[in-house]
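K.L.:
Sharing data.cif below, mmCIF, C-alpha atoms:
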```
data_input
loop_
_atom_site.label_atom_id
_atom_site.label_comp_id
_atom_site.auth_asym_id
_atom_site.auth_seq_id
_atom_site.Cartn_x
_atom_site.Cartn_y
_atom_site.Cartn_z
CA MET C 1 -4.99 -19.41 8.25
CA ARG C 2 -3.33 -16.44 9.93
CA PRO C 3 0.36 -16.60 10.73
CA PHE C 4 1.07 -16.32 14.43
CA GLY C 5 1.51 -12.91 16.01
CA ASP C 6 4.89 -12.04 17.54
CA LEU C 7 4.11 -13.25 21.07
CA GLU C 8 2.20 -16.23 19.79
CA ALA C 9 5.20 -17.26 17.71
CA VAL C 10 7.48 -17.03 20.74
CA VAL C 11 5.14 -19.21 22.81
CA MET C 12 4.66 -21.74 19.99
CA ASP C 13 8.42 -21.92 19.63
CA VAL C 14 8.74 -22.99 23.29
CA LEU C 15 6.00 -25.58 22.94
CA TRP C 16 7.51 -27.00 19.77
CA ARG C 17 10.90 -27.32 21.42
CA ARG C 18 9.43 -29.08 24.46
CA ALA C 19 7.62 -32.05 23.07
CA ALA C 20 5.89 -32.69 26.41
CA ALA C 21 2.68 -31.03 27.62
CA THR C 22 3.60 -27.76 29.27
CA THR C 23 2.02 -25.38 31.80
CA VAL C 24 1.86 -21.62 31.51
CA ARG C 25 4.35 -21.32 34.37
CA GLU C 26 6.87 -23.54 32.60
CA VAL C 27 6.60 -21.49 29.39
CA LEU C 28 7.04 -18.34 31.45
CA ALA C 29 10.13 -19.76 33.17
CA GLU C 30 11.66 -20.64 29.83
CA LEU C 31 10.98 -17.20 28.35
CA THR C 32 12.01 -15.08 31.34
CA PRO C 33 15.78 -14.95 30.66
CA SER C 34 15.35 -13.64 27.11
CA ARG C 35 11.98 -11.95 27.40
CA PRO C 36 10.45 -11.09 30.77
CA LEU C 37 6.66 -11.23 30.49
CA ALA C 38 3.82 -11.12 32.98
CA TYR C 39 2.21 -14.44 33.90
CA THR C 40 -1.19 -13.17 32.80
CA THR C 41 0.21 -12.13 29.41
CA VAL C 42 1.51 -15.61 28.68
CA MET C 43 -1.70 -17.12 30.00
CA THR C 44 -3.81 -14.94 27.70
CA VAL C 45 -1.65 -15.74 24.67
CA MET C 46 -1.89 -19.48 25.35
CA ASP C 47 -5.61 -19.27 25.97
CA ASN C 48 -6.02 -17.52 22.59
CA LEU C 49 -3.89 -20.13 20.88
CA HIS C 50 -6.08 -22.83 22.41
CA ARG C 51 -9.21 -21.06 21.22
CA LYS C 52 -7.77 -20.87 17.70
CA GLY C 53 -7.01 -24.57 17.75
CA ALA C 54 -3.23 -24.31 17.71
CA LEU C 55 -2.95 -25.80 21.21
CA SER C 56 -4.83 -28.58 22.96
CA ARG C 57 -4.97 -28.72 26.75
CA GLU C 58 -5.85 -31.01 29.59
CA MET C 59 -6.23 -30.33 33.29
CA GLU C 60 -3.52 -31.93 35.38
CA GLY C 61 -3.71 -31.31 39.11
CA ARG C 62 -4.72 -27.66 39.30
CA ALA C 63 -3.14 -26.38 36.10
CA TRP C 64 -3.82 -26.73 32.38
CA ARG C 65 -1.14 -28.52 30.42
CA TYR C 66 -0.85 -27.37 26.80
CA ARG C 67 0.42 -29.19 23.74
CA ALA C 68 0.79 -28.03 20.12
CA THR C 69 -1.86 -29.66 17.92
CA ARG C 70 0.49 -29.64 14.91
CA SER C 71 4.22 -30.08 14.66
CA ARG C 72 6.34 -27.22 13.43
CA ALA C 73 6.81 -28.94 10.07
CA GLU C 74 3.07 -29.53 9.68
CA HIS C 75 2.40 -25.92 10.52
CA SER C 76 4.96 -24.63 7.99
CA ALA C 77 3.56 -26.89 5.30
CA ALA C 78 -0.02 -25.80 5.93
CA MET C 79 0.95 -22.18 5.91
CA LEU C 80 2.95 -22.50 2.71
CA GLN C 81 0.02 -24.20 1.02
CA ASP C 82 -2.22 -21.45 2.25
CA VAL C 83 0.01 -18.60 1.13
CA LEU C 84 0.72 -19.96 -2.32
CA SER C 85 -2.86 -20.86 -3.14
CA ALA C 86 -4.32 -17.79 -1.48
CA ALA C 87 -5.92 -14.90 -3.23
CA GLY C 88 -5.54 -13.19 0.14
CA ASP C 89 -3.39 -10.17 0.80
CA ARG C 90 -0.39 -12.25 1.76
CA ASP C 91 0.51 -12.98 -1.85
CA GLU C 92 1.37 -9.28 -1.94
CA VAL C 93 4.52 -9.73 0.10
CA LEU C 94 6.10 -12.42 -2.04
CA MET C 95 6.56 -12.93 -5.76
CA HIS C 96 5.50 -16.38 -6.83
CA PHE C 97 6.75 -18.08 -10.00
CA VAL C 98 3.45 -19.30 -11.35
CA ALA C 99 1.02 -19.02 -14.22
CA ASP C 100 -2.66 -19.89 -14.00
CA LEU C 101 -3.17 -22.73 -16.46
CA ASP C 102 -5.84 -25.41 -16.44
CA ALA C 103 -5.21 -29.01 -17.49
CA ASP C 104 -6.09 -28.42 -21.17
CA ALA C 105 -3.81 -25.41 -21.42
CA VAL C 106 -1.00 -27.33 -19.71
CA ALA C 107 -1.34 -30.17 -22.24
CA SER C 108 -1.35 -27.96 -25.33
CA LEU C 109 1.43 -25.69 -24.06
CA ARG C 110 3.53 -28.72 -23.14
CA THR C 111 3.32 -29.81 -26.79
CA ALA C 112 4.28 -26.32 -27.93
CA VAL C 113 7.26 -26.27 -25.56
CA GLU C 114 8.49 -29.64 -26.84
CA ALA C 115 8.15 -28.47 -30.44
CA ALA C 116 10.13 -25.32 -29.67
CA ARG C 117 12.80 -27.38 -27.91
CA GLN C 118 13.09 -29.66 -30.97
CA ALA C 119 13.36 -26.67 -33.28
CA GLN C 120 16.04 -25.13 -31.08
CA SER C 121 18.24 -28.21 -30.85
CA SER C 122 18.03 -29.04 -34.55
CA MET F 123 -6.25 30.41 -11.47
CA THR F 124 -5.31 29.79 -15.11
CA THR F 125 -2.43 27.63 -13.92
CA THR F 126 -4.77 25.55 -11.76
CA VAL F 127 -7.21 25.02 -14.61
CA ALA F 128 -4.39 24.09 -16.99
CA LEU F 129 -2.93 21.59 -14.50
CA LEU F 130 -6.29 19.97 -13.81
CA GLY F 131 -6.85 19.76 -17.56
CA PHE F 132 -3.49 18.06 -17.93
CA ALA F 133 -4.34 15.57 -15.17
CA THR F 134 -7.69 14.75 -16.78
CA ALA F 135 -6.08 14.24 -20.18
CA LEU F 136 -3.51 11.91 -18.63
CA VAL F 137 -6.14 9.87 -16.80
CA VAL F 138 -8.05 9.36 -20.04
CA LEU F 139 -5.24 9.01 -22.56
CA ALA F 140 -2.41 7.28 -20.68
CA PRO F 141 -4.10 3.84 -20.33
CA ARG F 142 -4.81 3.84 -24.09
CA ALA F 143 -1.32 4.94 -25.01
CA ILE F 144 0.46 2.45 -22.74
CA GLY F 145 -2.02 -0.36 -23.33
CA ALA F 146 -1.64 -0.03 -27.12
CA GLY F 147 0.19 -3.32 -27.52
CA TRP F 148 3.82 -2.25 -27.43
CA ALA F 149 4.07 -2.81 -23.67
CA ASP F 150 4.81 -6.55 -23.90
CA ARG F 151 7.67 -5.90 -26.28
CA SER F 152 9.39 -3.61 -23.81
CA PRO F 153 8.01 -4.30 -20.35
CA ARG F 154 10.65 -2.21 -18.59
CA LEU F 155 9.73 0.91 -20.53
CA ALA F 156 6.04 0.17 -20.02
CA VAL F 157 6.45 -0.10 -16.24
CA ALA F 158 8.27 3.24 -16.27
CA ALA F 159 5.48 4.73 -18.42
CA TRP F 160 2.78 3.62 -15.95
CA GLN F 161 4.77 5.06 -13.07
CA ALA F 162 5.36 8.33 -14.92
CA ALA F 163 1.69 8.67 -15.86
CA SER F 164 0.66 8.13 -12.24
CA ALA F 165 3.30 10.53 -10.93
CA GLY F 166 2.24 13.08 -13.55
CA VAL F 167 -1.39 12.96 -12.45
CA LEU F 168 -0.44 13.29 -8.79
CA ALA F 169 1.98 16.14 -9.45
CA SER F 170 -0.62 17.98 -11.55
CA VAL F 171 -3.28 17.76 -8.87
CA VAL F 172 -0.99 18.72 -5.99
CA LEU F 173 0.56 21.60 -7.95
CA ALA F 174 -2.89 22.75 -9.03
CA GLY F 175 -3.80 23.04 -5.36
CA LEU F 176 -0.57 24.82 -4.49
CA ALA F 177 -1.03 27.27 -7.35
CA LEU F 178 -4.25 28.39 -5.72
CA LEU F 179 -2.51 28.96 -2.41
CA VAL F 180 0.63 30.84 -3.42
CA PRO F 181 0.47 33.69 -5.94
CA ALA F 182 2.92 32.73 -8.65
CA GLY F 183 5.20 35.78 -8.42
CA ALA F 184 5.98 35.02 -4.79
CA VAL F 185 8.14 31.97 -5.43
CA ALA F 186 10.83 34.07 -7.09
CA GLY F 187 11.78 35.83 -3.87
CA GLY F 188 12.54 32.67 -1.93
CA LEU F 189 11.12 31.68 1.41
CA ALA F 190 10.64 35.15 2.85
CA SER F 191 8.40 36.31 0.09
CA ILE F 192 6.51 33.01 0.12
CA LEU F 193 5.73 33.79 3.75
CA ASP F 194 4.83 37.35 2.72
CA ALA F 195 2.59 35.98 0.02
CA CYS F 196 1.13 33.56 2.51
CA ALA F 197 0.31 36.39 4.87
CA ALA F 198 -1.15 38.38 2.01
CA THR F 199 -3.26 35.43 0.95
CA ILE F 200 -4.55 34.87 4.44
CA ALA F 201 -5.29 38.56 4.85
CA ALA F 202 -7.07 38.55 1.52
CA VAL F 203 -9.22 35.61 2.56
CA TYR F 204 -11.02 37.66 5.11
CA ARG F 205 -11.82 40.35 2.58
CA SER F 206 -13.23 38.39 -0.30
CA PRO F 207 -15.41 35.30 -0.14
CA GLY F 208 -14.24 34.17 -3.59
CA GLN F 209 -10.68 33.95 -2.34
CA LEU F 210 -11.76 31.79 0.59
CA ALA F 211 -13.26 29.21 -1.76
CA ALA F 212 -10.06 29.17 -3.80
CA VAL F 213 -7.91 28.65 -0.70
CA LEU F 214 -10.15 25.86 0.55
CA ALA F 215 -10.02 24.17 -2.84
CA GLY F 216 -6.24 24.58 -2.83
CA VAL F 217 -5.88 23.01 0.60
CA VAL F 218 -8.14 20.10 -0.30
CA LEU F 219 -6.33 19.42 -3.58
CA SER F 220 -2.74 19.68 -2.43
CA GLY F 221 -2.98 18.77 1.25
CA GLY F 222 -5.74 16.20 0.94
CA VAL F 223 -4.10 14.26 -1.86
CA SER F 224 -0.66 14.31 -0.19
CA LEU F 225 -2.00 13.29 3.20
CA ARG F 226 -4.16 10.51 1.83
CA LEU F 227 -1.26 9.13 -0.17
CA GLY F 228 1.19 9.38 2.73
CA TRP F 229 -1.24 7.72 5.11
CA VAL F 230 -2.01 4.77 2.83
CA ALA F 231 1.68 4.37 1.93
CA ALA F 232 2.76 4.29 5.57
CA ARG F 233 0.05 1.80 6.51
CA SER F 234 0.79 -0.49 3.55
CA ARG F 235 4.48 -0.44 4.36
CA LEU F 236 3.90 -1.37 7.99
CA ARG F 237 1.52 -4.14 7.05
CA ASP F 238 3.84 -5.58 4.40
CA GLN F 239 6.77 -5.58 6.81
CA ARG F 240 4.73 -7.32 9.48
CA GLU F 241 3.38 -9.91 7.05
CA ARG F 242 6.86 -10.60 5.71
CA ARG F 243 8.25 -11.07 9.20
CA ARG F 244 5.45 -13.45 10.08
CA LEU F 245 5.86 -15.37 6.84
CA ARG F 246 9.56 -15.78 7.50
CA ALA F 247 8.85 -16.95 11.02
CA GLY F 248 6.05 -19.26 9.92
CA ILE F 249 7.51 -20.80 6.79
CA LEU F 250 11.26 -20.43 6.84
CA THR F 251 12.14 -21.60 10.35
CA GLY F 252 12.88 -25.14 9.21
CA ALA F 253 14.31 -24.25 5.78
CA ARG F 254 17.95 -24.82 4.87
CA PRO F 255 20.01 -22.36 2.84
CA GLU F 256 21.60 -23.94 -0.23
CA GLN F 257 24.71 -22.01 -1.24
CA SER F 258 25.04 -23.66 -4.65
CA LEU F 259 21.53 -22.53 -5.64
CA GLY F 260 21.65 -19.14 -3.96
CA ALA F 261 18.29 -20.08 -2.51
CA VAL F 262 16.62 -21.47 0.59
CA VAL F 263 15.21 -24.97 0.28
CA LEU F 264 11.95 -25.73 1.99
CA GLU F 265 10.76 -29.24 2.79
CA SER F 266 7.34 -29.54 1.12
CA ASP F 267 5.43 -31.78 -1.27
CA HIS F 268 3.96 -28.65 -2.84
CA ALA F 269 6.09 -27.68 -5.87
CA ALA F 270 6.69 -23.96 -5.66
CA ALA F 271 9.30 -21.25 -6.11
CA PHE F 272 9.02 -17.67 -4.93
CA CYS F 273 11.02 -14.80 -3.55
CA LEU F 274 10.59 -12.67 -0.47
CA PRO F 275 11.80 -9.13 -1.15
CA GLY F 276 12.67 -6.65 1.56
CA ARG F 277 15.67 -6.17 3.75
CA ARG F 278 16.49 -9.88 3.87
CA ARG F 279 15.97 -10.88 0.27
CA THR F 280 15.43 -14.59 -0.19
CA VAL F 281 14.67 -16.93 -3.06
CA VAL F 282 12.76 -19.98 -1.84
CA VAL F 283 12.31 -23.33 -3.63
CA THR F 284 10.50 -26.33 -2.21
CA THR F 285 11.94 -29.85 -2.32
CA ALA F 286 9.03 -30.92 -4.54
CA ALA F 287 9.99 -28.22 -7.06
CA LEU F 288 13.61 -29.40 -6.99
CA ASP F 289 12.45 -32.96 -7.73
CA THR F 290 10.14 -31.90 -10.54
CA LEU F 291 12.16 -29.31 -12.45
CA SER F 292 15.00 -30.23 -14.78
CA ALA F 293 18.37 -28.54 -14.19
CA ASP F 294 17.73 -25.99 -16.95
CA GLU F 295 14.19 -25.28 -15.79
CA LEU F 296 15.45 -24.74 -12.24
CA ALA F 297 18.14 -22.36 -13.49
CA ALA F 298 15.44 -20.43 -15.37
CA VAL F 299 13.22 -20.19 -12.29
CA LEU F 300 16.08 -18.99 -10.09
CA ALA F 301 17.14 -16.41 -12.69
CA HIS F 302 13.56 -15.16 -12.85
CA GLU F 303 13.30 -14.74 -9.08
CA ARG F 304 16.72 -13.14 -8.79
CA CYS F 305 15.70 -10.61 -11.44
CA HIS F 306 12.72 -9.65 -9.26
CA LEU F 307 14.98 -9.12 -6.27
CA ARG F 308 17.79 -7.37 -8.12
CA GLY F 309 15.39 -5.04 -9.95
CA ARG F 310 13.46 -4.34 -6.71
CA HIS F 311 10.25 -5.07 -8.59
CA HIS F 312 8.29 -5.16 -5.36
CA LEU F 313 8.82 -1.40 -5.04
CA ALA F 314 7.22 -0.68 -8.44
CA VAL F 315 4.37 -3.08 -7.70
CA GLY F 316 4.03 -1.73 -4.17
CA ALA F 317 3.81 1.88 -5.35
CA ALA F 318 1.13 0.97 -7.90
CA ARG F 319 -0.84 -0.86 -5.20
CA VAL F 320 -0.60 2.07 -2.79
CA LEU F 321 -1.97 4.44 -5.45
CA ASP F 322 -4.81 2.10 -6.31
CA ARG F 323 -5.65 1.67 -2.63
CA ALA F 324 -5.44 5.40 -1.88
CA PHE F 325 -7.62 6.46 -4.83
CA PRO F 326 -9.66 3.38 -5.71
CA ARG F 327 -11.99 4.97 -8.24
CA VAL F 328 -9.33 6.17 -10.68
CA PRO F 329 -9.14 3.73 -13.61
CA LEU F 330 -5.60 4.88 -14.45
CA PHE F 331 -4.41 3.63 -11.06
CA SER F 332 -6.26 0.31 -11.11
CA ARG F 333 -5.10 -0.43 -14.67
CA GLY F 334 -1.62 0.72 -13.69
CA ARG F 335 -1.58 -1.68 -10.76
CA ALA F 336 -2.74 -4.71 -12.76
CA GLU F 337 -0.39 -3.92 -15.62
CA THR F 338 2.62 -3.34 -13.36
CA GLU F 339 2.00 -6.68 -11.64
CA ARG F 340 1.80 -8.39 -15.03
CA LEU F 341 4.69 -6.54 -16.67
CA VAL F 342 7.26 -7.24 -13.93
CA GLU F 343 6.64 -10.96 -14.52
CA LEU F 344 7.34 -10.50 -18.24
CA LEU F 345 10.41 -8.47 -17.34
CA ALA F 346 11.74 -11.27 -15.13
CA ASP F 347 10.83 -13.86 -17.79
CA ASP F 348 12.91 -11.93 -20.32
CA ALA F 349 15.87 -11.73 -17.93
CA ALA F 350 15.68 -15.48 -17.31
CA ALA F 351 15.36 -16.11 -21.06
CA ARG F 352 18.54 -14.13 -21.68
CA GLN F 353 20.46 -15.91 -18.92
CA VAL F 354 19.24 -19.43 -19.56
CA ASN F 355 16.95 -20.00 -22.52
CA ARG F 356 13.44 -18.83 -23.37
CA VAL F 357 12.12 -22.35 -24.02
CA GLU F 358 13.29 -23.50 -20.58
CA VAL F 359 11.52 -20.56 -18.87
CA ALA F 360 8.32 -21.50 -20.70
CA SER F 361 8.85 -25.14 -19.83
CA ALA F 362 9.32 -24.35 -16.13
CA LEU F 363 6.07 -22.35 -16.10
CA VAL F 364 4.17 -25.26 -17.64
CA THR F 365 5.81 -27.83 -15.34
CA LEU F 366 4.97 -25.92 -12.17
CA ALA F 367 1.42 -25.12 -13.34
CA ASP F 368 0.97 -28.84 -13.99
CA MET F 369 2.02 -29.66 -10.41
CA ARG F 370 -0.45 -27.31 -8.80
CA ALA F 371 -3.55 -28.66 -7.16
CA PRO F 372 -6.36 -28.20 -9.67
CA ALA F 373 -8.20 -25.05 -8.73
CA PRO F 374 -10.83 -23.12 -10.63
CA THR F 375 -8.97 -20.51 -12.69
CA LEU F 376 -10.54 -17.31 -13.90
CA ALA F 377 -10.70 -17.04 -17.68
CA ALA F 378 -8.74 -13.78 -17.58
CA ALA F 379 -5.96 -15.25 -15.42
CA GLN F 380 -5.85 -18.31 -17.66
CA GLY F 381 -5.51 -16.08 -20.72
CA ALA F 382 -2.66 -14.18 -19.09
CA GLY F 383 -0.90 -17.45 -18.24
CA VAL F 384 -1.19 -18.79 -21.78
CA HIS F 385 -0.03 -15.46 -23.17
CA ARG F 386 3.01 -15.49 -20.91
CA VAL F 387 4.11 -18.93 -22.13
CA THR F 388 3.43 -18.33 -25.85
CA ARG F 389 5.21 -14.99 -25.64
CA LEU F 390 8.34 -16.87 -24.55
CA LEU F 391 7.97 -19.49 -27.27
CA ARG F 392 7.30 -17.00 -30.08
CA PRO F 393 9.00 -13.78 -29.00
CA ALA F 394 8.02 -10.58 -30.79
CA ALA F 395 10.81 -8.33 -31.98
CA PRO F 396 11.74 -5.84 -29.29
CA LEU F 397 10.71 -2.24 -29.78
CA GLY F 398 12.68 -0.33 -32.43
CA ALA F 399 14.97 2.55 -31.50
CA VAL F 400 12.58 5.23 -32.75
CA GLN F 401 9.63 3.78 -30.87
CA ARG F 402 11.72 3.50 -27.72
CA ILE F 403 12.81 7.13 -27.97
CA VAL F 404 9.22 8.28 -28.52
CA ALA F 405 8.00 6.29 -25.51
CA ALA F 406 10.87 7.44 -23.28
CA THR F 407 10.33 11.08 -24.29
CA ALA F 408 6.63 10.85 -23.57
CA THR F 409 7.45 9.28 -20.19
CA VAL F 410 9.69 12.20 -19.25
CA LEU F 411 7.28 14.83 -20.59
CA VAL F 412 4.38 13.45 -18.62
CA VAL F 413 6.21 14.23 -15.36
CA ALA F 414 7.98 17.37 -16.55
CA GLY F 415 4.74 18.79 -18.04
CA PRO F 416 2.93 19.70 -14.83
CA VAL F 417 6.09 21.15 -13.29
CA ALA F 418 6.60 23.31 -16.38
CA LEU F 419 2.95 24.39 -16.34
CA ALA F 420 3.19 25.36 -12.69
CA ALA F 421 6.44 27.25 -13.22
CA TRP F 422 5.32 28.98 -16.42
CA PRO F 423 3.96 32.24 -14.92
CA LEU F 424 7.14 32.56 -12.89
CA ALA F 425 9.37 31.91 -15.88
CA SER F 426 7.55 34.41 -18.05
CA ALA F 427 7.76 37.04 -15.31
CA VAL F 428 11.51 36.56 -15.07
CA ALA F 429 11.87 36.67 -18.85
CA SER F 430 9.93 39.92 -19.18
CA GLY F 431 12.16 41.63 -16.64
CA LEU F 432 9.20 42.50 -14.38
CA CYS F 433 10.37 40.23 -11.61
CA VAL F 434 11.47 41.98 -8.42
CA LEU F 435 14.81 40.82 -7.07
CA PRO F 436 14.88 39.10 -3.68
CA GLY F 437 15.54 41.45 -0.80
CA THR F 438 13.95 44.45 -2.43
CA GLY F 439 10.56 43.35 -1.23
CA TRP F 440 7.62 41.74 -2.87
CA VAL F 441 4.46 43.60 -3.60
#
```
Give the structure from this file in structure tokens form.
P.N.:
Amino acid sequence: MRPFGDLEAVVMDVLWRRAAATTVREVLAELTPSRPLAYTTVMTVMDNLHRKGALSREMEGRAWRYRATRSRAEHSAAMLQDVLSAAGDRDEVLMHFVADLDADAVASLRTAVEAARQAQSS
Amino acid sequence: MTTTVALLGFATALVVLAPRAIGAGWADRSPRLAVAAWQAASAGVLASVVLAGLALLVPAGAVAGGLASILDACAATIAAVYRSPGQLAAVLAGVVLSGGVSLRLGWVAARSRLRDQRERRRLRAGILTGARPEQSLGAVVLESDHAAAFCLPGRRRTVVVTTAALDTLSADELAAVLAHERCHLRGRHHLAVGAARVLDRAFPRVPLFSRGRAETERLVELLADDAAARQVNRVEVASALVTLADMRAPAPTLAAAQGAGVHRVTRLLRPAAPLGAVQRIVAATATVLVVAGPVALAAWPLASAVASGLCVLPGTGWV
């Protein structure tokens, strides 16, 4: 799963804040004070997000109404899972406290840790 | 020409011998020195190759007279190129060695830096928007049923712990994890790891660089483990590693990675004596020499010219 690009993140932020289904024009209106963008730019970004599955849409009257398929919390959780289990290049930008141990190694090392703890406290 | 050959010989010797010397088993007993040794060996190889190229371009005597005579020498070299075909080959080789290596390295470094910055920004935006800073921990707490702890280096340095990790770890284990991550951030370990990765990416077929990258990644973890062990307790660091590994979703682990994980925990439980003073001094001296060596080799003809009194003073012209 790719993190959102800069513009995509801005658009997703608007859609997450407005729980209701939203048109391109409404997103544009909300963004204009802080970030003036062309209508077609926002439309393209939202169309891409729909294609990637981040947004669902339904025709209402003559305009598409978009809705985020996942909540912000669900998205963060999925991305975290992805980053921390990934062998991808994103584990390069963070340093993860982890050691690769299978169940057998965990069991035997757990015993060793307990033994060391006993020895230390005695 | 002799200088170039000597420098290339030095680089070759380093590429072959450095991995054996640093990988000889002492590294885990002094990870900080070992990281420095890998960096020095890499820097030594790069310096040798670049200087070897430069030595072909500028006749050694020219450097003594400062910039003006370098330009003179440059003009003389260029003029000479058109006269002798042998000289042209030398200049081309010089340009490829010094310019090519520098440009390749600069290009890959700039691209990696841009990409890392972008990825970090996106990660922050994607993961940390809903997270709450916890002053008492000096960390950001993230709502998640996935037990994990990590740090994001860079301009806005952050230690991140998930709620599941907070629930799972004991107070001492948590303190150990936080100390470990803070050591990464304080020591700017991402810079050492990043430099090793850039080298490996820029020159992928050099075993010194790929070993150096893997070892640097591994050694900074040991370094942070040691810092956490000093601040909290080595058994608690080991315990935290086992606890968090236990909480992870079972995934197929590579045998090598598994071995490294086991080694990391047992190293904490049965620590080897740190390196003795003599061994440390030997390793540190070698580390310095490896970088100073190529510079000395490149400067040798100049130094000997000055010493023999044959060197022409600046301003009186260079011929």
K.L.:
Give as a ChimeraX atom specification the residues that the PyMOL selection byres ((chain F) within 9 of (chain C)) matches when applied to the coordinates above.
P.N.:
/F:238-239,241-242,244-245,247-252,265-268,270-276,299,302-303,306,312,315-316,343,357-358,360-361,363-368,370-376,379-384,386-388,391-392
K.L.:
So, with only C-alpha atoms as the atoms that count, which of F:Ser152, F:Gln161, F:Thr284, F:Ser170 lies closest to Ala128 in chain F?
P.N.:
F:Ser170
K.L.:
Excluding Thr32 in chain C and its own-chain neighbours fewer than 6 positions away, which residues fall within 12 Å of it when counting all atoms listed in the file? Please give them as a PDB file with C-alpha atoms, in the frame of the given file.
P.N.:
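Wrote it out as selection.pdb, contents follow:
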```pdb
ATOM      1  CA  VAL C  10       7.480 -17.030  20.740  1.00  0.00           C
ATOM      2  CA  VAL C  11       5.140 -19.210  22.810  1.00  0.00           C
ATOM      3  CA  VAL C  14       8.740 -22.990  23.290  1.00  0.00           C
ATOM      4  CA  ARG C  25       4.350 -21.320  34.370  1.00  0.00           C
ATOM      5  CA  GLU C  26       6.870 -23.540  32.600  1.00  0.00           C
ATOM      6  CA  ALA C  38       3.820 -11.120  32.980  1.00  0.00           C
ATOM      7  CA  TYR C  39       2.210 -14.440  33.900  1.00  0.00           C
ATOM      8  CA  VAL C  42       1.510 -15.610  28.680  1.00  0.00           C
TER       9      VAL C  42
END
```
K.L.:
Report as number ranges by chain the residues that result from applying the PyMOL selection byres ((chain C and resi 67) around 12) to the structure here.
P.N.:
C: 11-24, 27, 46-47, 49-50, 53-59, 64-66, 68-71
K.L.:
With distances taken over only C-alpha atoms, which of F:Ala211, F:Ala298, F:Ala253, F:Ala149 is nearest to Ala394 in chain F?
P.N.:
F:Ala149
K.L.:
Of the candidates C:Glu30, C:Gly61, C:Leu7, C:Asp82, which one gets nearest to Asn48 in chain C if we count all atoms listed in the file?
P.N.:
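Counting all atoms listed in the file, the residue closest to Asn48 in chain C is C:Leu7.
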K.L.:
If the PyMOL selection byres ((chain F and resi 219) around 9) is run on the structure shown, which residues does it catch, given as a compact mmCIF listing (two decimals) with C-alpha atoms, in the frame of the given file?
P.N.:
```txt
# COMPACT_ATOMS: atom_id res chain seq x y z
CA VAL F 171 -3.28 17.76 -8.87
CA VAL F 172 -0.99 18.72 -5.99
CA LEU F 173 0.56 21.60 -7.95
CA ALA F 174 -2.89 22.75 -9.03
CA GLY F 175 -3.80 23.04 -5.36
CA LEU F 176 -0.57 24.82 -4.49
CA LEU F 214 -10.15 25.86 0.55
CA ALA F 215 -10.02 24.17 -2.84
CA GLY F 216 -6.24 24.58 -2.83
CA VAL F 217 -5.88 23.01 0.60
CA VAL F 218 -8.14 20.10 -0.30
CA SER F 220 -2.74 19.68 -2.43
CA GLY F 221 -2.98 18.77 1.25
CA GLY F 222 -5.74 16.20 0.94
CA VAL F 223 -4.10 14.26 -1.86
CA SER F 224 -0.66 14.31 -0.19
```
